[in-house]
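Okay, upload-v5.pdb now, which holds PDB, C-alpha atoms:
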MODEL        1
ATOM      1  CA  MET A 555     -31.738   4.017  12.658
ATOM      2  CA  ASN A 556     -30.610   6.632  10.149
ATOM      3  CA  ARG A 557     -29.209   5.072   6.953
ATOM      4  CA  GLN A 558     -26.182   7.419   6.999
ATOM      5  CA  ILE A 559     -25.347   6.266  10.540
ATOM      6  CA  GLU A 560     -25.719   2.623   9.505
ATOM      7  CA  GLN A 561     -23.328   3.200   6.597
ATOM      8  CA  ALA A 562     -20.809   4.967   8.851
ATOM      9  CA  GLU A 563     -20.942   1.973  11.195
ATOM     10  CA  ARG A 564     -20.392  -0.479   8.292
ATOM     11  CA  HIS A 565     -17.379   1.577   7.199
ATOM     12  CA  SER A 566     -15.989   1.818  10.736
ATOM     13  CA  GLU A 567     -16.269  -1.947  11.231
ATOM     14  CA  TRP A 568     -14.560  -2.541   7.872
ATOM     15  CA  LEU A 569     -11.668  -0.278   8.949
ATOM     16  CA  LYS A 570     -11.368  -2.052  12.333
ATOM     17  CA  GLN A 571     -10.880  -5.313  10.456
ATOM     18  CA  GLY A 572      -7.805  -3.783   8.815
ATOM     19  CA  HIS A 573      -9.172  -3.619   5.282
ATOM     20  CA  LEU A 574      -7.540  -1.499   2.596
ATOM     21  CA  GLU A 575      -8.726  -0.292  -0.797
ATOM     22  CA  TRP A 576      -7.593  -3.173  -2.971
ATOM     23  CA  PRO A 577      -8.211  -3.385  -6.712
ATOM     24  CA  VAL A 578     -11.813  -3.545  -7.852
ATOM     25  CA  GLN A 579     -12.717  -7.098  -8.832
ATOM     26  CA  LEU A 580     -13.168  -7.703 -12.562
ATOM     27  CA  ASP A 581     -16.515  -9.427 -11.904
ATOM     28  CA  THR A 582     -17.779  -6.160 -10.426
ATOM     29  CA  TYR A 583     -17.138  -4.338 -13.698
ATOM     30  CA  MET A 584     -18.803  -7.106 -15.735
ATOM     31  CA  LYS A 585     -22.245  -6.596 -14.158
ATOM     32  CA  PRO A 586     -24.665  -5.019 -16.686
ATOM     33  CA  HIS A 587     -25.382  -1.920 -14.580
ATOM     34  CA  GLN A 588     -21.641  -1.372 -14.071
ATOM     35  CA  GLN A 589     -21.064  -1.748 -17.825
ATOM     36  CA  ALA A 590     -23.769   0.888 -18.438
ATOM     37  CA  ARG A 591     -21.969   3.245 -16.026
ATOM     38  CA  VAL A 592     -18.613   2.723 -17.763
ATOM     39  CA  GLU A 593     -20.249   3.221 -21.174
ATOM     40  CA  TRP A 594     -21.784   6.525 -19.979
ATOM     41  CA  LEU A 595     -18.346   7.700 -18.846
ATOM     42  CA  ALA A 596     -16.750   6.649 -22.153
ATOM     43  CA  ARG A 597     -19.458   8.425 -24.223
ATOM     44  CA  ASN A 598     -19.050  11.660 -22.283
ATOM     45  CA  ALA A 599     -15.262  11.799 -21.820
ATOM     46  CA  VAL A 600     -13.398  13.855 -24.411
ATOM     47  CA  GLY A 601      -9.800  14.815 -25.172
ATOM     48  CA  ARG A 602      -7.027  14.206 -22.655
ATOM     49  CA  ILE A 603      -8.552  12.226 -19.757
ATOM     50  CA  LEU A 604      -7.573  11.833 -16.085
ATOM     51  CA  GLU A 605      -9.218   9.255 -13.824
ATOM     52  CA  VAL A 606      -9.099   9.926 -10.080
ATOM     53  CA  GLY A 607      -9.317   6.736  -7.991
ATOM     54  CA  CYS A 608      -8.336   4.564 -10.954
ATOM     55  CA  SER A 609      -7.706   1.299  -9.047
ATOM     56  CA  TRP A 610      -5.995  -0.898 -11.678
ATOM     57  CA  GLY A 611      -7.070   1.186 -14.662
ATOM     58  CA  TYR A 612     -10.097  -0.630 -16.118
ATOM     59  CA  ILE A 613     -12.317   2.461 -16.436
ATOM     60  CA  LEU A 614      -9.410   4.578 -17.696
ATOM     61  CA  ALA A 615      -8.768   2.034 -20.458
ATOM     62  CA  ALA A 616     -12.483   1.709 -21.320
ATOM     63  CA  CYS A 617     -12.638   5.507 -21.724
ATOM     64  CA  HIS A 618      -9.427   5.629 -23.793
ATOM     65  CA  GLY A 619      -7.954   7.767 -21.025
ATOM     66  CA  HIS A 620      -4.400   8.898 -20.520
ATOM     67  CA  VAL A 621      -3.564   9.319 -16.822
ATOM     68  CA  GLY A 622      -4.799   7.615 -13.654
ATOM     69  CA  VAL A 623      -4.219   8.340  -9.977
ATOM     70  CA  ASP A 624      -4.996   6.266  -6.888
ATOM     71  CA  LEU A 625      -3.997   6.402  -3.219
ATOM     72  CA  ASN A 626      -2.990   2.745  -3.074
ATOM     73  CA  PRO A 627       0.561   2.197  -4.426
ATOM     74  CA  GLU A 628      -0.200  -1.492  -5.077
ATOM     75  CA  ASN A 629      -3.130  -0.533  -7.324
ATOM     76  CA  ILE A 630      -0.852   1.843  -9.216
ATOM     77  CA  GLU A 631       1.856  -0.793  -9.615
ATOM     78  CA  LEU A 632      -0.709  -3.242 -11.008
ATOM     79  CA  ALA A 633      -2.096  -0.555 -13.356
ATOM     80  CA  ARG A 634       1.410   0.179 -14.637
ATOM     81  CA  GLN A 635       1.940  -3.517 -15.394
ATOM     82  CA  LEU A 636      -1.417  -3.889 -17.160
ATOM     83  CA  ALA A 637      -1.333  -0.680 -19.203
ATOM     84  CA  ARG A 638       2.237   0.374 -19.933
ATOM     85  CA  GLU A 639       1.067   2.929 -22.533
ATOM     86  CA  ARG A 640      -0.790   4.924 -19.857
ATOM     87  CA  GLU A 641       0.597   7.085 -17.081
ATOM     88  CA  PHE A 642      -0.205   6.278 -13.427
ATOM     89  CA  HIS A 643       0.612   8.104 -10.187
ATOM     90  CA  VAL A 644       0.038   7.606  -6.485
ATOM     91  CA  ALA A 645      -1.911  10.729  -5.568
ATOM     92  CA  ASP A 646      -4.669  12.071  -3.339
ATOM     93  CA  ALA A 647      -7.914  13.406  -4.843
ATOM     94  CA  LEU A 648      -7.500  16.458  -2.597
ATOM     95  CA  ALA A 649      -4.043  17.363  -3.975
ATOM     96  CA  LEU A 650      -3.665  16.305  -7.600
ATOM     97  CA  PRO A 651      -0.063  16.698  -8.837
ATOM     98  CA  PHE A 652      -0.940  18.464 -12.091
ATOM     99  CA  PRO A 653      -1.035  22.092 -13.251
ATOM    100  CA  ASP A 654      -4.336  23.886 -13.749
ATOM    101  CA  GLY A 655      -6.176  22.894 -16.914
ATOM    102  CA  SER A 656      -4.054  19.818 -17.654
ATOM    103  CA  PHE A 657      -6.963  17.626 -18.834
ATOM    104  CA  ASP A 658     -10.012  18.026 -21.028
ATOM    105  CA  THR A 659     -11.987  15.584 -18.861
ATOM    106  CA  VAL A 660     -11.527  14.462 -15.267
ATOM    107  CA  LEU A 661     -13.350  11.316 -14.157
ATOM    108  CA  LEU A 662     -14.485  10.733 -10.559
ATOM    109  CA  PRO A 663     -16.177   7.347 -11.022
ATOM    110  CA  ASP A 664     -17.567   6.033  -7.735
ATOM    111  CA  VAL A 665     -14.805   7.796  -5.818
ATOM    112  CA  LEU A 666     -16.417  10.547  -3.746
ATOM    113  CA  GLU A 667     -18.316   8.170  -1.437
ATOM    114  CA  HIS A 668     -14.946   6.781  -0.311
ATOM    115  CA  LEU A 669     -13.967  10.211   1.084
ATOM    116  CA  PRO A 670     -15.185  11.788   4.302
ATOM    117  CA  PHE A 671     -18.268  13.821   3.327
ATOM    118  CA  GLU A 672     -16.568  17.056   4.406
ATOM    119  CA  ASP A 673     -13.833  16.443   1.774
ATOM    120  CA  VAL A 674     -16.164  15.888  -1.190
ATOM    121  CA  ASN A 675     -16.343  19.549  -2.255
ATOM    122  CA  LYS A 676     -12.555  19.841  -1.950
ATOM    123  CA  ALA A 677     -12.096  16.854  -4.271
ATOM    124  CA  VAL A 678     -14.540  18.291  -6.822
ATOM    125  CA  ILE A 679     -12.807  21.679  -6.682
ATOM    126  CA  GLU A 680      -9.447  19.969  -7.223
ATOM    127  CA  ALA A 681     -10.796  17.945 -10.173
ATOM    128  CA  THR A 682     -12.233  21.136 -11.653
ATOM    129  CA  ARG A 683      -8.889  22.900 -11.187
ATOM    130  CA  VAL A 684      -6.972  20.370 -13.292
ATOM    131  CA  SER A 685      -9.710  20.100 -15.938
ATOM    132  CA  ARG A 686     -10.267  22.407 -18.870
ATOM    133  CA  GLY A 687     -13.934  22.317 -18.057
ATOM    134  CA  ARG A 688     -15.425  18.808 -17.960
ATOM    135  CA  VAL A 689     -15.736  16.705 -14.799
ATOM    136  CA  LEU A 690     -17.744  13.460 -14.870
ATOM    137  CA  VAL A 691     -18.920  11.887 -11.609
ATOM    138  CA  THR A 692     -20.782   8.674 -10.862
ATOM    139  CA  LEU A 693     -22.160   7.803  -7.430
ATOM    140  CA  PRO A 694     -24.048   4.695  -6.290
ATOM    141  CA  LYS A 695     -27.672   5.446  -5.449
ATOM    142  CA  GLY A 696     -27.646   5.351  -1.661
ATOM    143  CA  ASN A 697     -31.394   5.114  -1.235
ATOM    144  CA  ALA A 698     -31.304   1.404  -2.116
ATOM    145  CA  ASP A 699     -29.885  -1.506  -0.167
ATOM    146  CA  THR A 700     -27.699  -2.677  -3.039
ATOM    147  CA  GLU A 701     -24.167  -4.031  -2.800
ATOM    148  CA  ASP A 702     -22.943  -0.985  -4.737
ATOM    149  CA  ALA A 703     -24.586   1.496  -2.365
ATOM    150  CA  THR A 704     -23.861  -0.137   0.990
ATOM    151  CA  ASN A 705     -20.320  -1.290   0.257
ATOM    152  CA  PRO A 706     -18.433  -1.024   3.567
ATOM    153  CA  LYS A 707     -15.643   0.921   1.814
ATOM    154  CA  HIS A 708     -18.099   3.821   1.351
ATOM    155  CA  GLN A 709     -18.126   6.436   4.091
ATOM    156  CA  TRP A 710     -21.560   7.877   3.254
ATOM    157  CA  LEU A 711     -24.629   7.197   1.097
ATOM    158  CA  CYS A 712     -25.523   9.437  -1.819
ATOM    159  CA  THR A 713     -29.229  10.135  -2.201
ATOM    160  CA  LEU A 714     -30.709  12.228  -5.015
ATOM    161  CA  GLU A 715     -31.196  15.069  -2.527
ATOM    162  CA  VAL A 716     -27.521  14.959  -1.503
ATOM    163  CA  ALA A 717     -26.324  14.767  -5.136
ATOM    164  CA  GLU A 718     -28.461  17.748  -6.137
ATOM    165  CA  LYS A 719     -27.222  19.729  -3.146
ATOM    166  CA  LEU A 720     -23.591  18.968  -4.041
ATOM    167  CA  PHE A 721     -23.802  19.492  -7.814
ATOM    168  CA  GLY A 722     -27.018  21.372  -8.585
ATOM    169  CA  ARG A 723     -30.219  19.782  -9.854
ATOM    170  CA  LYS A 724     -29.507  20.471 -13.555
ATOM    171  CA  ASN A 725     -26.178  18.579 -13.396
ATOM    172  CA  VAL A 726     -27.485  15.355 -11.799
ATOM    173  CA  SER A 727     -29.236  12.505 -13.595
ATOM    174  CA  ASP A 728     -30.623   9.267 -12.211
ATOM    175  CA  HIS A 729     -31.169   7.579 -15.604
ATOM    176  CA  LEU A 730     -28.703   4.728 -14.965
ATOM    177  CA  MET A 731     -29.802   1.773 -12.866
ATOM    178  CA  GLY A 732     -28.002   1.969  -9.534
ATOM    179  CA  PHE A 733     -26.058   5.189 -10.159
ATOM    180  CA  TYR A 734     -26.374   8.946 -10.263
ATOM    181  CA  THR A 735     -24.391  10.594 -13.030
ATOM    182  CA  VAL A 736     -23.057  14.134 -12.857
ATOM    183  CA  LYS A 737     -21.701  16.120 -15.769
ATOM    184  CA  LEU A 738     -20.009  19.401 -14.876
ATOM    185  CA  ASN A 739     -18.955  21.657 -17.732
ATOM    186  CA  GLY A 740     -17.068  24.708 -16.550
TER     187      GLY A 740
ENDMDL
END
Structure re-expressed in structure tokens:
Amino acid sequence: MNRQIEQAERHSEWLKQGHLEWPVQLDTYMKPHQQARVEWLARNAVGRILEVGCSWGYILAACHGHVGVDLNPENIELARQLAREREFHVADALALPFPDGSFDTVLLPDVLEHLPFEDVNKAVIEATRVSRGRVLVTLPKGNADTEDATNPKHQWLCTLEVAEKLFGRKNVSDHLMGFYTVKLNG
């Protein structure tokens, strides 16, 4: 069976069970390959930083970011309690509530695979709109049967071929274990 179909079935079953996007578990972020991903984001983020799909704000804080958005109001409430010095909003990646060019860097860390594939370009265009030129993306490598790649919350699997088609070969790197990284400078 096609791996994309298998992933769609995992996601569909997860939805049928009534699951929601709850906060990312701290133990997830403590895994060495996850720490390497967060460190890559922190090294490459500059200036005023927005994180899209911020959950409870761990990556935003690790990157010394300023503003986070997430669809889940409970995640945003938790983020506000944990990081009172940062700004958090309930918002959709497809309609960010900020003027053009509001941020130097926009982070999309392991967010796009949670969207329907047909909405991915819209989310990237929206992130680009509110950035002054830098958008950083991480995506789990979907060609492996890892927990990160086949998480039932993910609607599709990102292979190197898919990442290069979405972002262009020169913008995609597979140097991190378990993740593709994308650096868009506009």
Atom CA of A:Asp728 sits from atom CA of A:Asn629 at a separation of 29.6 Å
Please write as a PDB file with C-alpha atoms, keeping the file's coordinate frame the full residue list that the PyMOL selection byres ((chain A and resi 610) around 7) yields on this file.
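Result written to out_35.pdb:
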ATOM      1  CA  PRO A 577      -8.211  -3.385  -6.712  1.00  0.00           C
ATOM      2  CA  CYS A 608      -8.336   4.564 -10.954  1.00  0.00           C
ATOM      3  CA  SER A 609      -7.706   1.299  -9.047  1.00  0.00           C
ATOM      4  CA  GLY A 611      -7.070   1.186 -14.662  1.00  0.00           C
ATOM      5  CA  TYR A 612     -10.097  -0.630 -16.118  1.00  0.00           C
ATOM      6  CA  ASN A 629      -3.130  -0.533  -7.324  1.00  0.00           C
ATOM      7  CA  ILE A 630      -0.852   1.843  -9.216  1.00  0.00           C
ATOM      8  CA  LEU A 632      -0.709  -3.242 -11.008  1.00  0.00           C
ATOM      9  CA  ALA A 633      -2.096  -0.555 -13.356  1.00  0.00           C
TER      10      ALA A 633
END
Picked residues, the PyMOL selection byres ((chain A and resi 617) around 7), as a ChimeraX atom specification: /A:595-596,599,613-616,618-619
Here's a test: counting all atoms listed in the file, identify every protein, DNA and RNA residue with an atom at most 12 Å from (-3.6, 23.8, -13.4) in the file's coordinate frame, and state them as a PyMOL selection string. chain A and resi 649-658+679-687
Distance criterion (all atoms listed in the file): nearest to A:Phe671 out of A:His708, A:His729, A:Arg597, A:Arg564: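 Checking each candidate against A:Phe671, we get A:His708 as the closest.
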Quick check, in Å to one decimal: how far apart do atom CA of A:Val674 and atom CA of A:Thr700 lie?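 For atom CA of A:Val674 relative to atom CA of A:Thr700, the distance reads 21.9 Å.
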